[in-house]
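One file, structure02.pdb, carrying PDB, C-alpha atoms and all ligand atoms:
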MODEL        1
ATOM      1  CA  MET A 222     120.927 112.858  85.070
ATOM      2  CA  LEU A 223     123.953 111.310  86.631
ATOM      3  CA  LYS A 224     123.576 107.852  87.939
ATOM      4  CA  ARG A 225     126.111 105.507  89.244
ATOM      5  CA  LEU A 226     125.908 101.835  88.566
ATOM      6  CA  LEU A 227     127.815  99.743  90.956
ATOM      7  CA  LEU A 228     128.822  96.205  90.629
ATOM      8  CA  THR A 229     130.720  94.518  93.347
ATOM      9  CA  ALA A 230     132.004  91.048  93.086
ATOM     10  CA  MET A 231     133.350  89.024  95.901
ATOM     11  CA  VAL A 232     134.585  85.597  95.114
ATOM     12  CA  GLY A 233     134.773  83.335  98.127
ATOM     13  CA  CYS A 234     135.831  79.738  98.364
ATOM     14  CA  PHE A 235     132.416  78.222  97.813
ATOM     15  CA  THR A 236     130.060  80.987  96.913
ATOM     16  CA  VAL A 237     129.920  83.905  94.569
ATOM     17  CA  THR A 238     128.120  86.888  95.953
ATOM     18  CA  MET A 239     127.546  89.904  93.805
ATOM     19  CA  SER A 240     125.162  92.743  94.031
ATOM     20  CA  TYR A 241     123.916  95.166  91.507
ATOM     21  CA  ALA A 242     122.912  98.599  92.695
ATOM     22  CA  VAL A 243     120.860 101.236  90.946
ATOM     23  CA  ASP A 244     121.861 104.381  92.755
ATOM     24  CA  GLN A 245     119.746 107.441  92.085
ATOM     25  CA  SER A 246     119.239 110.720  93.849
ATOM     26  CA  THR A 247     115.915 109.450  95.098
ATOM     27  CA  SER A 248     116.348 105.746  95.540
ATOM     28  CA  LYS A 249     118.688 102.876  95.884
ATOM     29  CA  VAL A 250     117.878  99.428  94.637
ATOM     30  CA  ILE A 251     120.207  96.572  95.386
ATOM     31  CA  ILE A 252     119.752  93.287  93.608
ATOM     32  CA  PRO A 253     121.707  90.484  95.244
ATOM     33  CA  VAL A 254     123.245  88.278  92.604
ATOM     34  CA  ASN A 255     123.495  84.808  94.062
ATOM     35  CA  ARG A 256     124.837  81.739  92.390
ATOM     36  CA  THR A 257     122.378  80.047  90.072
ATOM     37  CA  ALA A 258     122.470  77.206  87.596
ATOM     38  CA  ALA A 259     123.367  78.430  84.098
ATOM     39  CA  THR A 260     120.998  75.771  82.775
ATOM     40  CA  SER A 261     117.926  77.163  84.532
ATOM     41  CA  GLY A 262     116.473  80.263  82.937
ATOM     42  CA  GLN A 263     113.674  80.208  85.465
ATOM     43  CA  GLN A 264     116.008  80.139  88.464
ATOM     44  CA  MET A 265     118.071  83.004  87.040
ATOM     45  CA  PHE A 266     114.921  84.968  86.240
ATOM     46  CA  THR A 267     113.537  84.528  89.756
ATOM     47  CA  SER A 268     116.835  85.581  91.348
ATOM     48  CA  TYR A 269     117.960  88.403  89.079
ATOM     49  CA  CYS A 270     114.938  89.757  87.238
ATOM     50  CA  ALA A 271     111.900  89.223  89.470
ATOM     51  CA  PRO A 272     112.894  91.968  91.968
ATOM     52  CA  CYS A 273     112.038  94.518  89.254
ATOM     53  CA  HIS A 274     110.004  92.647  86.631
ATOM     54  CA  GLY A 275     107.996  90.531  89.108
ATOM     55  CA  VAL A 276     107.888  86.746  89.422
ATOM     56  CA  ASP A 277     105.266  86.685  86.659
ATOM     57  CA  GLY A 278     107.337  89.052  84.481
ATOM     58  CA  ARG A 279     104.617  91.672  84.272
ATOM     59  CA  GLY A 280     106.754  94.448  85.687
ATOM     60  CA  HIS A 281     105.521  94.752  89.250
ATOM     61  CA  GLY A 282     108.398  93.407  91.322
ATOM     62  CA  PRO A 283     109.025  94.740  94.830
ATOM     63  CA  ALA A 284     111.785  97.101  93.631
ATOM     64  CA  ALA A 285     109.768  98.521  90.716
ATOM     65  CA  SER A 286     108.300 101.438  92.639
ATOM     66  CA  SER A 287     111.786 102.717  93.510
ATOM     67  CA  LEU A 288     112.782 103.018  89.850
ATOM     68  CA  ARG A 289     112.385 106.082  87.679
ATOM     69  CA  THR A 290     111.583 104.001  84.610
ATOM     70  CA  GLN A 291     108.993 101.298  85.100
ATOM     71  CA  PRO A 292     110.168  97.787  84.237
ATOM     72  CA  THR A 293     108.834  96.436  80.954
ATOM     73  CA  ASP A 294     106.028  93.861  81.021
ATOM     74  CA  LEU A 295     108.107  90.936  79.790
ATOM     75  CA  THR A 296     105.044  88.832  78.936
ATOM     76  CA  GLY A 297     104.230  91.189  76.063
ATOM     77  CA  LEU A 298     107.412  90.817  74.007
ATOM     78  CA  ILE A 299     105.790  88.732  71.264
ATOM     79  CA  LYS A 300     102.832  91.092  71.004
ATOM     80  CA  LYS A 301     105.081  94.138  70.794
ATOM     81  CA  ASN A 302     107.112  92.442  68.086
ATOM     82  CA  HIS A 303     104.133  91.618  65.828
ATOM     83  CA  GLY A 304     103.769  87.974  66.801
ATOM     84  CA  LYS A 305     107.384  86.882  66.742
ATOM     85  CA  TYR A 306     109.548  86.380  69.822
ATOM     86  CA  PRO A 307     112.490  88.862  69.467
ATOM     87  CA  ASP A 308     115.252  86.511  70.609
ATOM     88  CA  THR A 309     118.143  88.414  69.015
ATOM     89  CA  HIS A 310     116.971  91.679  70.553
ATOM     90  CA  ILE A 311     116.567  90.154  74.019
ATOM     91  CA  VAL A 312     120.024  88.565  73.873
ATOM     92  CA  ALA A 313     121.474  91.962  72.899
ATOM     93  CA  VAL A 314     119.591  93.725  75.718
ATOM     94  CA  LEU A 315     120.924  91.254  78.264
ATOM     95  CA  GLN A 316     124.427  91.451  76.859
ATOM     96  CA  PHE A 317     124.715  95.216  76.326
ATOM     97  CA  GLY A 318     121.717  96.880  78.008
ATOM     98  CA  THR A 319     118.639  98.601  76.626
ATOM     99  CA  ASP A 320     118.851 101.136  73.840
ATOM    100  CA  VAL A 321     117.352 104.136  75.568
ATOM    101  CA  PRO A 322     118.097 107.564  74.051
ATOM    102  CA  SER A 323     120.539 108.803  76.647
ATOM    103  CA  HIS A 324     123.036 106.106  77.353
ATOM    104  CA  GLY A 325     123.207 105.205  80.997
ATOM    105  CA  SER A 326     119.823 106.571  81.941
ATOM    106  CA  ALA A 327     118.099 103.193  82.000
ATOM    107  CA  ASP A 328     117.235 101.483  85.234
ATOM    108  CA  MET A 329     117.703  98.145  83.549
ATOM    109  CA  PRO A 330     121.033  96.623  84.541
ATOM    110  CA  VAL A 331     123.493  95.560  81.863
ATOM    111  CA  TRP A 332     123.719  91.861  82.616
ATOM    112  CA  GLY A 333     126.543  90.766  80.320
ATOM    113  CA  PRO A 334     129.419  91.818  82.597
ATOM    114  CA  ILE A 335     127.636  90.538  85.714
ATOM    115  CA  LEU A 336     126.852  87.132  84.242
ATOM    116  CA  GLY A 337     130.344  86.983  82.773
ATOM    117  CA  LYS A 338     131.871  87.191  86.256
ATOM    118  CA  MET A 339     130.111  84.037  87.383
ATOM    119  CA  SER A 340     132.429  81.746  85.563
ATOM    120  CA  PRO A 341     135.370  83.897  84.448
ATOM    121  CA  THR A 342     137.371  81.016  83.049
ATOM    122  CA  ASN A 343     134.506  79.693  80.942
ATOM    123  CA  PRO A 344     133.280  82.219  78.360
ATOM    124  CA  GLN A 345     130.544  79.831  77.219
ATOM    125  CA  ASP A 346     128.882  80.037  80.618
ATOM    126  CA  LYS A 347     127.832  83.643  79.986
ATOM    127  CA  SER A 348     126.305  82.896  76.572
ATOM    128  CA  LEU A 349     124.519  79.888  78.014
ATOM    129  CA  ARG A 350     123.047  82.021  80.809
ATOM    130  CA  ILE A 351     121.892  84.730  78.412
ATOM    131  CA  SER A 352     120.429  82.253  75.985
ATOM    132  CA  ASN A 353     118.584  80.360  78.730
ATOM    133  CA  LEU A 354     117.215  83.593  80.181
ATOM    134  CA  SER A 355     115.889  84.543  76.766
ATOM    135  CA  ARG A 356     114.374  81.090  76.270
ATOM    136  CA  TYR A 357     112.671  81.367  79.636
ATOM    137  CA  LEU A 358     111.178  84.728  78.677
ATOM    138  CA  GLU A 359     109.816  83.101  75.542
ATOM    139  CA  THR A 360     107.892  80.626  77.734
ATOM    140  CA  ILE A 361     106.102  83.366  79.701
ATOM    141  CA  GLN A 362     104.729  85.240  76.679
ATOM    142  CA  ALA A 363     101.050  86.137  76.781
ATOM    143  CA  LYS A 364      99.008  84.184  74.266
TER     144      LYS A 364
HETATM  145  C1  LIG B   1     116.876  97.096  88.756
HETATM  146  C2  LIG B   1     115.674  96.672  88.087
HETATM  147  C3  LIG B   1     115.746  95.675  86.964
HETATM  148  C4  LIG B   1     116.278  94.411  86.994
HETATM  149  C5  LIG B   1     116.943  93.720  88.179
HETATM  150  C6  LIG B   1     116.061  93.845  85.686
HETATM  151  N1  LIG B   1     115.433  94.746  84.892
HETATM  152 FE1  LIG B   1     114.892  94.461  82.949
HETATM  153  N2  LIG B   1     114.204  96.375  82.849
HETATM  154  C7  LIG B   1     114.157  97.253  83.908
HETATM  155  C8  LIG B   1     113.565  98.498  83.460
HETATM  156  C9  LIG B   1     113.343  99.714  84.319
HETATM  157  C10 LIG B   1     113.260  98.331  82.100
HETATM  158  C11 LIG B   1     112.582  99.345  81.172
HETATM  159  C12 LIG B   1     113.458 100.493  80.856
HETATM  160  C13 LIG B   1     114.448 100.192  79.815
HETATM  161  O1  LIG B   1     114.094  99.625  78.761
HETATM  162  O2  LIG B   1     115.613 100.540  80.023
HETATM  163  C14 LIG B   1     113.676  96.979  81.746
HETATM  164  C15 LIG B   1     113.565  96.431  80.484
HETATM  165  C16 LIG B   1     113.829  95.112  80.164
HETATM  166  C17 LIG B   1     113.614  94.506  78.874
HETATM  167  C18 LIG B   1     112.966  95.168  77.685
HETATM  168  C19 LIG B   1     113.938  95.682  76.699
HETATM  169  C20 LIG B   1     113.247  96.144  75.448
HETATM  170  O3  LIG B   1     113.974  96.612  74.601
HETATM  171  O4  LIG B   1     112.032  96.015  75.301
HETATM  172  C21 LIG B   1     114.001  93.203  78.966
HETATM  173  C22 LIG B   1     113.968  92.142  77.875
HETATM  174  C23 LIG B   1     114.456  92.987  80.326
HETATM  175  N3  LIG B   1     114.344  94.163  81.024
HETATM  176  C24 LIG B   1     114.897  91.777  80.799
HETATM  177  C25 LIG B   1     115.421  91.593  82.069
HETATM  178  C26 LIG B   1     115.979  90.342  82.523
HETATM  179  C27 LIG B   1     115.993  89.037  81.736
HETATM  180  C28 LIG B   1     116.446  90.567  83.785
HETATM  181  C29 LIG B   1     117.184  89.610  84.688
HETATM  182  C30 LIG B   1     118.385  89.013  84.148
HETATM  183  C31 LIG B   1     116.144  91.962  84.119
HETATM  184  N4  LIG B   1     115.530  92.543  83.051
HETATM  185  C32 LIG B   1     116.453  92.561  85.337
HETATM  186  C33 LIG B   1     114.596  97.018  85.195
HETATM  187  C34 LIG B   1     115.217  95.882  85.621
ENDMDL
END
Rewrite the structure of this file - the entire thing - as structure tokens.
Amino acid sequence: MLKRLLLTAMVGCFTVTMSYAVDQSTSKVIIPVNRTAATSGQQMFTSYCAPCHGVDGRGHGPAASSLRTQPTDLTGLIKKNHGKYPDTHIVAVLQFGTDVPSHGSADMPVWGPILGKMSPTNPQDKSLRISNLSRYLETIQAK
């Protein structure tokens, strides 16, 4: 199925406002991408991920019902990976997107390019954001 992923970036004097849209025949989900601290995985998670994955990460955010694919329960990553937190996998998912069979059919945004736009002149900012997001996810794993 054809789906268009839109990313708009507007750089103002003091603020960066971006939005990510999942545009489907049946629904439209827009995630506003506001400025956050690269050092706070929790702040980034609450702003960028909670709309779909829920504040608690369990997959029941307000936008979840509009998606074709249900957001993953992010508190179960250790369990799914036989007791070990899959850091490398999560970093790759955030950088390049999820590896679903038909490329482009996922409702999960590819965050690399979006996070990269936040500090275009500082490539380390993007890696720091991705790494801190992954570290935050590690802290919300179910015991
Ligand atoms: C527009 C809704 C949406 C947003 C926003 C979103 N996700 Fe997702 N995410 C999904 C959906 C749907 C899936 C499950 C389908 C898939 O794997 O493609 C998913 C899957 C995942 C997975 C599981 C990948 C795997 O291989 O098991 C991770 C990790 C993840 N998201 C992290 C995040 C993080 C971190 C953020 C915020 C930076 C985020 N997501 C923002 C919808 C979203």
With ligand LIG 1 (chain B) as the partner and 8 Å as the cut-off, tabulate the residues of chain A that qualify, each row holding the nearest pair of atoms and their distance in Å to one decimal, using all atoms listed in the file, sorted by chain and rising number, as a Markdown table.
| residue | atom | partner | partner_atom | distance |
| --- | --- | --- | --- | --- |
| A:Tyr241 | CA | B:LIG1 | C1 | 7.8 |
| A:Ala242 | CA | B:LIG1 | C1 | 7.4 |
| A:Val243 | CA | B:LIG1 | C1 | 6.1 |
| A:Val250 | CA | B:LIG1 | C1 | 6.4 |
| A:Ile251 | CA | B:LIG1 | C1 | 7.4 |
| A:Ile252 | CA | B:LIG1 | C5 | 6.1 |
| A:Met265 | CA | B:LIG1 | C30 | 6.7 |
| A:Phe266 | CA | B:LIG1 | C29 | 5.4 |
| A:Ser268 | CA | B:LIG1 | C29 | 7.8 |
| A:Tyr269 | CA | B:LIG1 | C29 | 4.6 |
| A:Cys270 | CA | B:LIG1 | C29 | 3.4 |
| A:Ala271 | CA | B:LIG1 | C5 | 6.9 |
| A:Pro272 | CA | B:LIG1 | C5 | 5.8 |
| A:Cys273 | CA | B:LIG1 | C2 | 4.4 |
| A:His274 | CA | B:LIG1 | N1 | 6.1 |
| A:Ala284 | CA | B:LIG1 | C2 | 6.8 |
| A:Ala285 | CA | B:LIG1 | C2 | 6.7 |
| A:Leu288 | CA | B:LIG1 | C9 | 6.5 |
| A:Arg289 | CA | B:LIG1 | C9 | 7.3 |
| A:Thr290 | CA | B:LIG1 | C9 | 4.6 |
| A:Gln291 | CA | B:LIG1 | C9 | 4.7 |
| A:Pro292 | CA | B:LIG1 | C8 | 3.6 |
| A:Thr293 | CA | B:LIG1 | C11 | 4.7 |
| A:Asp294 | CA | B:LIG1 | C18 | 7.8 |
| A:Leu295 | CA | B:LIG1 | C22 | 6.3 |
| A:Leu298 | CA | B:LIG1 | O4 | 7.1 |
| A:His310 | CA | B:LIG1 | O3 | 7.1 |
| A:Ile311 | CA | B:LIG1 | C22 | 5.1 |
| A:Val314 | CA | B:LIG1 | C19 | 6.1 |
| A:Leu315 | CA | B:LIG1 | C27 | 6.4 |
| A:Gly318 | CA | B:LIG1 | O2 | 7.4 |
| A:Thr319 | CA | B:LIG1 | O2 | 4.9 |
| A:Asp320 | CA | B:LIG1 | O3 | 6.7 |
| A:Val321 | CA | B:LIG1 | O2 | 6.0 |
| A:Ser326 | CA | B:LIG1 | O2 | 7.6 |
| A:Ala327 | CA | B:LIG1 | O2 | 4.1 |
| A:Asp328 | CA | B:LIG1 | C9 | 4.4 |
| A:Met329 | CA | B:LIG1 | C7 | 3.7 |
| A:Pro330 | CA | B:LIG1 | C4 | 5.8 |
| A:Trp332 | CA | B:LIG1 | C30 | 6.2 |
| A:Ile351 | CA | B:LIG1 | C30 | 8.0 |
| A:Leu354 | CA | B:LIG1 | C27 | 5.8 |
| A:Ser355 | CA | B:LIG1 | C27 | 6.7 |
| A:Leu358 | CA | B:LIG1 | C27 | 7.1 |
Quiz item: Which residue gives the smallest distance to A:Gly333 among A:Val276, A:Ala313, A:Ala259, A:Met239, with all atoms listed in the file counted?
Solution: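 For A:Gly333, the nearest of the given residues is A:Ala313.
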Quiz prompt | Computed interatomic separation between atom CA of A:Ser261 and atom CA of A:Thr342 (Å) | solution = 19.9 Å
Quiz item: Do you have the atom CA of A:Asp346-atom CA of A:Thr257 distance handy?
Solution: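 Going from atom CA of A:Asp346 over to atom CA of A:Thr257, I get 11.5 Å.
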Write stretch 283-294 of chain A as a compact mmCIF listing (two decimals), in the coordinates of the input, completed to all heavy atoms.
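result_12.txt written:
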# COMPACT_ATOMS: atom_id res chain seq x y z
N PRO A 283 108.95 93.91 93.63
CA PRO A 283 109.02 94.74 94.83
C PRO A 283 109.90 95.99 94.67
O PRO A 283 109.65 96.99 95.33
CB PRO A 283 109.60 93.81 95.91
CG PRO A 283 110.09 92.60 95.20
CD PRO A 283 109.35 92.51 93.89
N ALA A 284 110.89 95.95 93.79
CA ALA A 284 111.78 97.10 93.63
C ALA A 284 111.27 98.09 92.58
O ALA A 284 111.80 99.19 92.45
CB ALA A 284 113.19 96.63 93.24
N ALA A 285 110.23 97.70 91.85
CA ALA A 285 109.77 98.52 90.72
C ALA A 285 109.41 99.95 91.10
O ALA A 285 109.73 100.90 90.39
CB ALA A 285 108.58 97.85 90.04
N SER A 286 108.77 100.10 92.26
CA SER A 286 108.30 101.44 92.64
C SER A 286 109.45 102.39 92.96
O SER A 286 109.27 103.60 92.97
CB SER A 286 107.34 101.33 93.82
OG SER A 286 107.99 100.71 94.89
N SER A 287 110.64 101.85 93.22
CA SER A 287 111.79 102.72 93.51
C SER A 287 112.50 103.18 92.26
O SER A 287 113.43 103.97 92.33
CB SER A 287 112.81 101.99 94.38
OG SER A 287 112.19 101.29 95.40
N LEU A 288 112.08 102.68 91.09
CA LEU A 288 112.78 103.02 89.85
C LEU A 288 112.11 104.20 89.16
O LEU A 288 110.92 104.40 89.26
CB LEU A 288 112.79 101.82 88.91
CG LEU A 288 113.48 100.55 89.41
CD1 LEU A 288 113.21 99.40 88.48
CD2 LEU A 288 114.97 100.78 89.59
N ARG A 289 112.91 104.95 88.43
CA ARG A 289 112.38 106.08 87.68
C ARG A 289 111.63 105.59 86.45
O ARG A 289 110.57 106.08 86.10
CB ARG A 289 113.53 106.99 87.26
CG ARG A 289 113.31 108.44 87.54
CD ARG A 289 114.61 109.23 87.44
NE ARG A 289 115.73 108.42 87.00
CZ ARG A 289 116.39 108.61 85.87
NH1 ARG A 289 116.01 109.55 85.05
NH2 ARG A 289 117.43 107.87 85.57
N THR A 290 112.22 104.59 85.78
CA THR A 290 111.58 104.00 84.61
C THR A 290 110.91 102.71 85.05
O THR A 290 111.55 101.91 85.73
CB THR A 290 112.65 103.63 83.55
OG1 THR A 290 113.60 104.68 83.50
CG2 THR A 290 112.01 103.43 82.20
N GLN A 291 109.67 102.52 84.69
CA GLN A 291 108.99 101.30 85.10
C GLN A 291 109.48 100.10 84.27
O GLN A 291 109.65 100.21 83.06
CB GLN A 291 107.48 101.47 84.98
CG GLN A 291 106.91 102.29 86.14
CD GLN A 291 107.48 101.84 87.49
OE1 GLN A 291 107.13 100.78 87.99
NE2 GLN A 291 108.38 102.63 88.09
N PRO A 292 109.71 98.98 84.94
CA PRO A 292 110.17 97.79 84.24
C PRO A 292 109.16 97.34 83.17
O PRO A 292 107.95 97.38 83.41
CB PRO A 292 110.30 96.73 85.34
CG PRO A 292 110.42 97.51 86.61
CD PRO A 292 109.63 98.77 86.40
N THR A 293 109.66 96.92 82.06
CA THR A 293 108.83 96.44 80.95
C THR A 293 108.04 95.19 81.37
O THR A 293 108.55 94.37 82.12
CB THR A 293 109.77 96.06 79.78
OG1 THR A 293 110.63 97.16 79.52
CG2 THR A 293 108.99 95.71 78.53
N ASP A 294 106.80 95.09 80.86
CA ASP A 294 106.03 93.86 81.02
C ASP A 294 106.63 92.83 80.08
O ASP A 294 106.46 92.90 78.86
CB ASP A 294 104.56 94.12 80.66
CG ASP A 294 103.72 92.85 80.68
OD1 ASP A 294 104.28 91.76 80.88
OD2 ASP A 294 102.50 92.97 80.48
